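K.L.:
Structure incoming, see below.
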Amino acid sequence: MPVTKEIKYFVLNNFLPPVVYHLFNLYVKTLRVQFEGEQKVQKHLENGGRVLLYGWHQRFFGGFSLPTIFAWSPCIIISRSRDGDFISKVVQRIGWMPVRGSRSKGGREASQAMVQGLKEHRIGGHIVDGPTGPPQIIKPGLIRIARDAGAVICPGILSYENAWSANSWDRFMIPKPFSGILFRFGKIYAIPENMDDHQFEAFRIEIEDDMRREHEAADNYWKQ
């Protein structure tokens, strides 16, 4: 590897994580975050259950502070790439527990790592249409991971009062400073047992449609 790239990764992994972490904390303190429905997740965890939270790639920025606010240690998939090394160090400082896995082999390695992470930490976060889309389509991995880990699933519905949108495949959103964030914990779903392919797809569509409706309702909150 060229020397310039080695220098880049050395700086990324040894100097930037604490800087990015502190900047993130300062930024989050300017935001007004309100939560709805968190009690049901807390109750399920207190009763010994496991919960896999899930959300759109477009809006996941607003969920980064969950570990700090609720004193959770949720696991999350981070790729085994060298850029993933940097991301892993940043999110770990926030309170996330990175599980490393490659998505290059059909996601099998990443999914297995996430299952083990859920069994250990009992709560996790999963971006259901990442890393490259298509946007707002729930991929089957969410259901399989939760099923194999013995976890329920719960959508994290995020809506921003004012936000910037990137020119990216998902129109990634970042809330503007001093604006509001609404985070709703949606309906908790238990994974049905012994689903055939048709039932599996029907369940996937059900939770996908519900997630779209919930986001539309959350976005309307700011119009009241």
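Naming works like this for the structure tokens: A, B, ... for the chains as they're shown, residue 1 at the start of each chain, ligands 1 onward in shown order.
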Can you tell me, as a list in words, what residues are no more than 9 Å from Ala149 in chain A when counting only C-alpha atoms, ignoring any on the same chain fewer than 3 positions away?

P.N.:
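That gives Arg50, Met114, Val115, Gln116, Gly117, Leu118, Lys119, Arg122, Arg144, Ile145, Ala146 and Val152 of chain A.
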
K.L.:
Would you save the residues of that selection, restricted to N, CA and C atoms, as a JSON list (two decimals), in the first residue's frame?

P.N.:
[["chain", "number", "residue", "atom", "x", "y", "z"],
["A", 50, "ARG", "N", -34.41, -9.85, 24.21],
["A", 50, "ARG", "CA", -33.46, -9.20, 23.30],
["A", 50, "ARG", "C", -34.26, -8.37, 22.29],
["A", 114, "MET", "N", -23.53, -10.34, 14.03],
["A", 114, "MET", "CA", -24.60, -9.60, 14.69],
["A", 114, "MET", "C", -25.44, -10.49, 15.59],
["A", 115, "VAL", "N", -25.69, -11.71, 15.18],
["A", 115, "VAL", "CA", -26.43, -12.66, 16.01],
["A", 115, "VAL", "C", -25.69, -12.87, 17.33],
["A", 116, "GLN", "N", -24.39, -13.09, 17.25],
["A", 116, "GLN", "CA", -23.60, -13.28, 18.47],
["A", 116, "GLN", "C", -23.60, -12.02, 19.32],
["A", 117, "GLY", "N", -23.53, -10.85, 18.65],
["A", 117, "GLY", "CA", -23.56, -9.60, 19.40],
["A", 117, "GLY", "C", -24.86, -9.40, 20.15],
["A", 118, "LEU", "N", -25.99, -9.76, 19.52],
["A", 118, "LEU", "CA", -27.29, -9.65, 20.17],
["A", 118, "LEU", "C", -27.41, -10.60, 21.36],
["A", 119, "LYS", "N", -26.89, -11.79, 21.20],
["A", 119, "LYS", "CA", -26.95, -12.75, 22.30],
["A", 119, "LYS", "C", -26.14, -12.25, 23.50],
["A", 122, "ARG", "N", -27.79, -8.14, 24.10],
["A", 122, "ARG", "CA", -29.24, -8.15, 24.23],
["A", 122, "ARG", "C", -29.96, -7.02, 23.53],
["A", 144, "ARG", "N", -33.89, -12.45, 9.64],
["A", 144, "ARG", "CA", -33.07, -13.64, 9.89],
["A", 144, "ARG", "C", -32.19, -13.45, 11.12],
["A", 145, "ILE", "N", -31.60, -12.27, 11.26],
["A", 145, "ILE", "CA", -30.75, -12.01, 12.42],
["A", 145, "ILE", "C", -31.56, -12.11, 13.71],
["A", 146, "ALA", "N", -32.72, -11.44, 13.73],
["A", 146, "ALA", "CA", -33.55, -11.46, 14.94],
["A", 146, "ALA", "C", -34.02, -12.88, 15.26],
["A", 152, "VAL", "N", -36.82, -9.84, 19.47],
["A", 152, "VAL", "CA", -37.92, -9.15, 18.82],
["A", 152, "VAL", "C", -37.32, -7.99, 18.02]]

K.L.:
How would you write, as a list in words, the set of residues in range 33-113 of chain A that DSSP gives as strand (DSSP E or B)?

P.N.:
Val33, Gln34, Phe35, Glu36, Val51, Leu52, Leu53, Tyr54, Gly55, Cys75, Ile76, Ile77, Ile78, Met97, Pro98, Val99 and Arg100 of chain A

K.L.:
Write the residues of the preceding selection, restricted to N, CA and C atoms, as a short mmCIF file (atom, residue, chain, number, x, y, z; two decimals), in the first residue's frame.

P.N.:
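Output (result_23.cif):
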data_model
loop_
_atom_site.label_atom_id
_atom_site.label_comp_id
_atom_site.auth_asym_id
_atom_site.auth_seq_id
_atom_site.Cartn_x
_atom_site.Cartn_y
_atom_site.Cartn_z
N VAL A 33 -33.97 16.71 21.58
CA VAL A 33 -34.37 15.34 21.24
C VAL A 33 -35.50 14.89 22.17
N GLN A 34 -36.58 14.41 21.59
CA GLN A 34 -37.67 13.87 22.39
C GLN A 34 -37.97 12.43 21.96
N PHE A 35 -38.26 11.60 22.95
CA PHE A 35 -38.48 10.18 22.70
C PHE A 35 -39.92 9.81 23.04
N GLU A 36 -40.44 8.84 22.30
CA GLU A 36 -41.76 8.28 22.56
C GLU A 36 -41.70 6.76 22.44
N VAL A 51 -33.68 -7.23 21.92
CA VAL A 51 -34.36 -6.31 21.01
C VAL A 51 -33.41 -5.88 19.90
N LEU A 52 -33.87 -5.98 18.66
CA LEU A 52 -33.12 -5.47 17.53
C LEU A 52 -33.86 -4.25 16.97
N LEU A 53 -33.30 -3.06 17.21
CA LEU A 53 -33.87 -1.83 16.68
C LEU A 53 -33.44 -1.67 15.22
N TYR A 54 -34.31 -1.10 14.41
CA TYR A 54 -33.94 -0.95 13.00
C TYR A 54 -34.44 0.37 12.45
N GLY A 55 -33.72 0.87 11.42
CA GLY A 55 -34.10 2.15 10.85
C GLY A 55 -33.55 2.32 9.45
N CYS A 75 -25.21 -3.45 20.05
CA CYS A 75 -24.23 -3.86 19.04
C CYS A 75 -24.68 -3.34 17.68
N ILE A 76 -23.72 -3.18 16.79
CA ILE A 76 -24.01 -2.70 15.45
C ILE A 76 -22.94 -3.23 14.51
N ILE A 77 -23.33 -3.58 13.30
CA ILE A 77 -22.37 -4.12 12.32
C ILE A 77 -21.49 -3.00 11.77
N ILE A 78 -20.19 -3.23 11.82
CA ILE A 78 -19.21 -2.35 11.19
C ILE A 78 -18.34 -3.23 10.29
N MET A 97 -21.45 -1.10 20.54
CA MET A 97 -20.54 -2.23 20.57
C MET A 97 -20.37 -2.77 19.15
N PRO A 98 -19.30 -2.40 18.45
CA PRO A 98 -19.14 -2.83 17.06
C PRO A 98 -18.92 -4.33 16.96
N VAL A 99 -19.63 -4.96 16.04
CA VAL A 99 -19.35 -6.34 15.66
C VAL A 99 -18.88 -6.29 14.22
N ARG A 100 -17.73 -6.86 13.97
CA ARG A 100 -17.10 -6.70 12.67
C ARG A 100 -17.44 -7.86 11.76
#

K.L.:
Considering only C-alpha atoms, return as a PyMOL selection string whatever protein or nucleic-acid residues lie within 7 Å of Leu31 in chain A, sequence-local ones (same chain, fewer than 2 positions apart) excluded.

P.N.:
chain A and resi 28-29+33+177-180

K.L.:
Nearest to Trp169 in chain A: which of A:Pro135, A:Gly37, A:Gly186, A:Pro140 is it, counting only C-alpha atoms?

P.N.:
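Using only C-alpha atoms, the shortest distance to Trp169 in chain A belongs to A:Pro135.
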
K.L.:
Select from range 97-211 of chain A every residue with an atom at most 6 Å from any atom of range 56-71 of chain A, then for each give the shortest pair of atoms and their distance in Å to one decimal, using only C-alpha atoms, rows by chain and rising number, as a tab-separated table.

P.N.:
residue	atom	partner	partner_atom	distance
A:Ile127	CA	A:His57	CA	5.7
A:Gly130	CA	A:His57	CA	5.7
A:Asp170	CA	A:Gln58	CA	5.4
A:Phe172	CA	A:Gln58	CA	4.2
A:Met173	CA	A:Arg59	CA	5.7

K.L.:
Keeping N, CA and C atoms, export the residues of the selection given above as a short mmCIF file (atom, residue, chain, number, x, y, z; two decimals), in the first residue's frame.

P.N.:
data_model
loop_
_atom_site.label_atom_id
_atom_site.label_comp_id
_atom_site.auth_asym_id
_atom_site.auth_seq_id
_atom_site.Cartn_x
_atom_site.Cartn_y
_atom_site.Cartn_z
N ILE A 127 -29.31 -1.12 10.28
CA ILE A 127 -29.76 -0.25 9.19
C ILE A 127 -30.25 -1.15 8.07
N GLY A 130 -29.21 -0.34 4.18
CA GLY A 130 -27.81 -0.02 3.89
C GLY A 130 -27.06 -1.25 3.40
N ASP A 170 -29.55 7.86 -0.79
CA ASP A 170 -30.65 7.83 0.16
C ASP A 170 -31.10 9.22 0.63
N PHE A 172 -29.31 11.29 2.45
CA PHE A 172 -28.95 11.22 3.87
C PHE A 172 -29.20 12.56 4.56
N MET A 173 -29.80 12.51 5.74
CA MET A 173 -30.22 13.72 6.44
C MET A 173 -29.41 13.94 7.71
#

K.L.:
Figure out the distance between CA of Pro74 in chain A and CA of Ser111 in chain A, please, to one decimal in Å.

P.N.:
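For CA of Ser111 in chain A relative to CA of Pro74 in chain A, the distance reads 15.0 Å.
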
K.L.:
Return the single residue from A:Arg147, A:Lys176, A:Ile207, A:Gln92 that is closest to Asn194 in chain A, with distances computed using only C-alpha atoms.

P.N.:
A:Arg147

K.L.:
Using DSSP assignments from the backbone, pull out every residue in chain A that falls under alpha helix (DSSP H) and give it to me as a PyMOL selection string.

P.N.:
chain A and resi 3-14+16-28+38-46+66-70+82-94+108-121+141-149+197-220

K.L.:
Go ahead and save the residues from that selection, with C-alpha atoms, as a short mmCIF file (atom, residue, chain, number, x, y, z; two decimals), in the first residue's frame.

P.N.:
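Result file is out_33.cif:
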data_model
loop_
_atom_site.label_atom_id
_atom_site.label_comp_id
_atom_site.auth_asym_id
_atom_site.auth_seq_id
_atom_site.Cartn_x
_atom_site.Cartn_y
_atom_site.Cartn_z
CA VAL A 3 2.92 5.46 2.01
CA THR A 4 0.30 8.22 1.73
CA LYS A 5 -2.50 5.75 2.44
CA GLU A 6 -0.62 4.32 5.41
CA ILE A 7 -0.27 7.84 6.81
CA LYS A 8 -3.97 8.47 6.20
CA TYR A 9 -5.04 5.39 8.15
CA PHE A 10 -2.54 6.08 10.92
CA VAL A 11 -4.05 9.53 11.42
CA LEU A 12 -7.61 8.21 11.11
CA ASN A 13 -7.15 5.51 13.71
CA ASN A 14 -4.89 7.26 16.22
CA LEU A 16 -9.28 11.55 14.70
CA PRO A 17 -11.62 9.25 16.72
CA PRO A 18 -11.46 11.31 19.95
CA VAL A 19 -11.77 14.56 17.97
CA VAL A 20 -14.83 13.34 16.05
CA TYR A 21 -16.36 11.98 19.26
CA HIS A 22 -16.05 15.32 21.11
CA LEU A 23 -17.34 17.29 18.13
CA PHE A 24 -20.32 14.92 17.91
CA ASN A 25 -21.09 15.43 21.61
CA LEU A 26 -20.97 19.20 21.25
CA TYR A 27 -23.21 19.05 18.20
CA VAL A 28 -25.80 16.77 19.84
CA GLU A 38 -39.09 3.78 24.95
CA GLN A 39 -40.79 2.20 27.99
CA LYS A 40 -41.80 -0.94 26.08
CA VAL A 41 -38.22 -1.53 24.95
CA GLN A 42 -36.90 -1.00 28.47
CA LYS A 43 -39.51 -3.41 29.87
CA HIS A 44 -38.64 -6.11 27.34
CA LEU A 45 -34.95 -5.82 28.21
CA GLU A 46 -35.64 -5.83 31.96
CA LEU A 66 -29.10 6.21 22.11
CA PRO A 67 -26.39 4.44 24.20
CA THR A 68 -25.60 7.62 26.12
CA ILE A 69 -29.22 8.57 26.81
CA PHE A 70 -30.48 5.13 27.87
CA ARG A 82 -9.78 -0.11 7.17
CA ASP A 83 -12.30 2.72 7.04
CA GLY A 84 -14.44 0.51 9.26
CA ASP A 85 -11.62 0.48 11.81
CA PHE A 86 -11.99 4.25 12.18
CA ILE A 87 -15.80 4.15 12.34
CA SER A 88 -15.63 1.37 14.90
CA LYS A 89 -13.43 3.44 17.23
CA VAL A 90 -15.75 6.45 17.00
CA VAL A 91 -19.02 4.60 17.66
CA GLN A 92 -17.43 2.62 20.48
CA ARG A 93 -16.65 5.88 22.29
CA ILE A 94 -20.33 6.81 22.01
CA ARG A 108 -23.38 -14.09 5.99
CA GLU A 109 -20.33 -13.15 8.05
CA ALA A 110 -21.83 -9.83 9.16
CA SER A 111 -25.14 -11.49 10.06
CA GLN A 112 -23.46 -14.19 12.13
CA ALA A 113 -21.44 -11.56 13.97
CA MET A 114 -24.60 -9.60 14.69
CA VAL A 115 -26.43 -12.66 16.01
CA GLN A 116 -23.60 -13.28 18.47
CA GLY A 117 -23.56 -9.60 19.40
CA LEU A 118 -27.29 -9.65 20.17
CA LYS A 119 -26.95 -12.75 22.30
CA GLU A 120 -24.20 -11.05 24.30
CA HIS A 121 -25.48 -7.46 24.58
CA GLY A 141 -31.28 -9.92 6.95
CA LEU A 142 -33.19 -8.05 9.66
CA ILE A 143 -35.68 -10.88 10.12
CA ARG A 144 -33.07 -13.64 9.89
CA ILE A 145 -30.75 -12.01 12.42
CA ALA A 146 -33.55 -11.46 14.94
CA ARG A 147 -34.88 -15.00 14.44
CA ASP A 148 -31.46 -16.60 14.95
CA ALA A 149 -30.74 -14.43 18.01
CA ASP A 197 -40.96 -18.22 1.71
CA HIS A 198 -44.37 -16.69 1.02
CA GLN A 199 -45.07 -15.99 4.70
CA PHE A 200 -41.54 -14.59 5.17
CA GLU A 201 -42.03 -12.11 2.30
CA ALA A 202 -45.51 -11.15 3.52
CA PHE A 203 -44.08 -10.39 6.98
CA ARG A 204 -41.20 -8.37 5.46
CA ILE A 205 -43.67 -6.28 3.44
CA GLU A 206 -45.89 -5.80 6.51
CA ILE A 207 -43.11 -4.28 8.62
CA GLU A 208 -41.81 -2.25 5.67
CA ASP A 209 -45.24 -0.72 4.96
CA ASP A 210 -45.73 -0.02 8.67
CA MET A 211 -42.37 1.73 8.85
CA ARG A 212 -43.25 4.02 5.94
CA ARG A 213 -46.58 4.95 7.55
CA GLU A 214 -44.90 5.64 10.88
CA HIS A 215 -42.33 7.94 9.28
CA GLU A 216 -45.03 9.84 7.44
CA ALA A 217 -46.92 10.33 10.70
CA ALA A 218 -43.74 11.43 12.50
CA ASP A 219 -42.91 13.95 9.77
CA ASN A 220 -46.41 15.40 10.12
#

K.L.:
Let me make sure I understand: among A:Lys139, A:His126, A:Lys223, A:Arg184, which one has the smallest atom-to-atom distance to Gly156 in chain A if we use only C-alpha atoms?

P.N.:
A:Arg184

K.L.:
Here is a test: counting only C-alpha atoms, which residue of A:Phe183, A:Phe15, A:Tyr189, A:Trp222 is nearest to Ile153 in chain A?

P.N.:
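Once distances to Ile153 in chain A are computed over only C-alpha atoms, the minimum belongs to A:Tyr189.
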
K.L.:
One number please: CA of Gly48 in chain A to CA of Asp196 in chain A, in Å, one decimal.

P.N.:
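Interatomic distance here is 28.4 Å.
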
K.L.:
Using only C-alpha atoms, find the one residue out of A:Tyr221, A:Glu193, A:Trp96, A:Ile188 that sits nearest to Cys154 in chain A.

P.N.:
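Closest to Cys154 in chain A of all the choices is A:Ile188.
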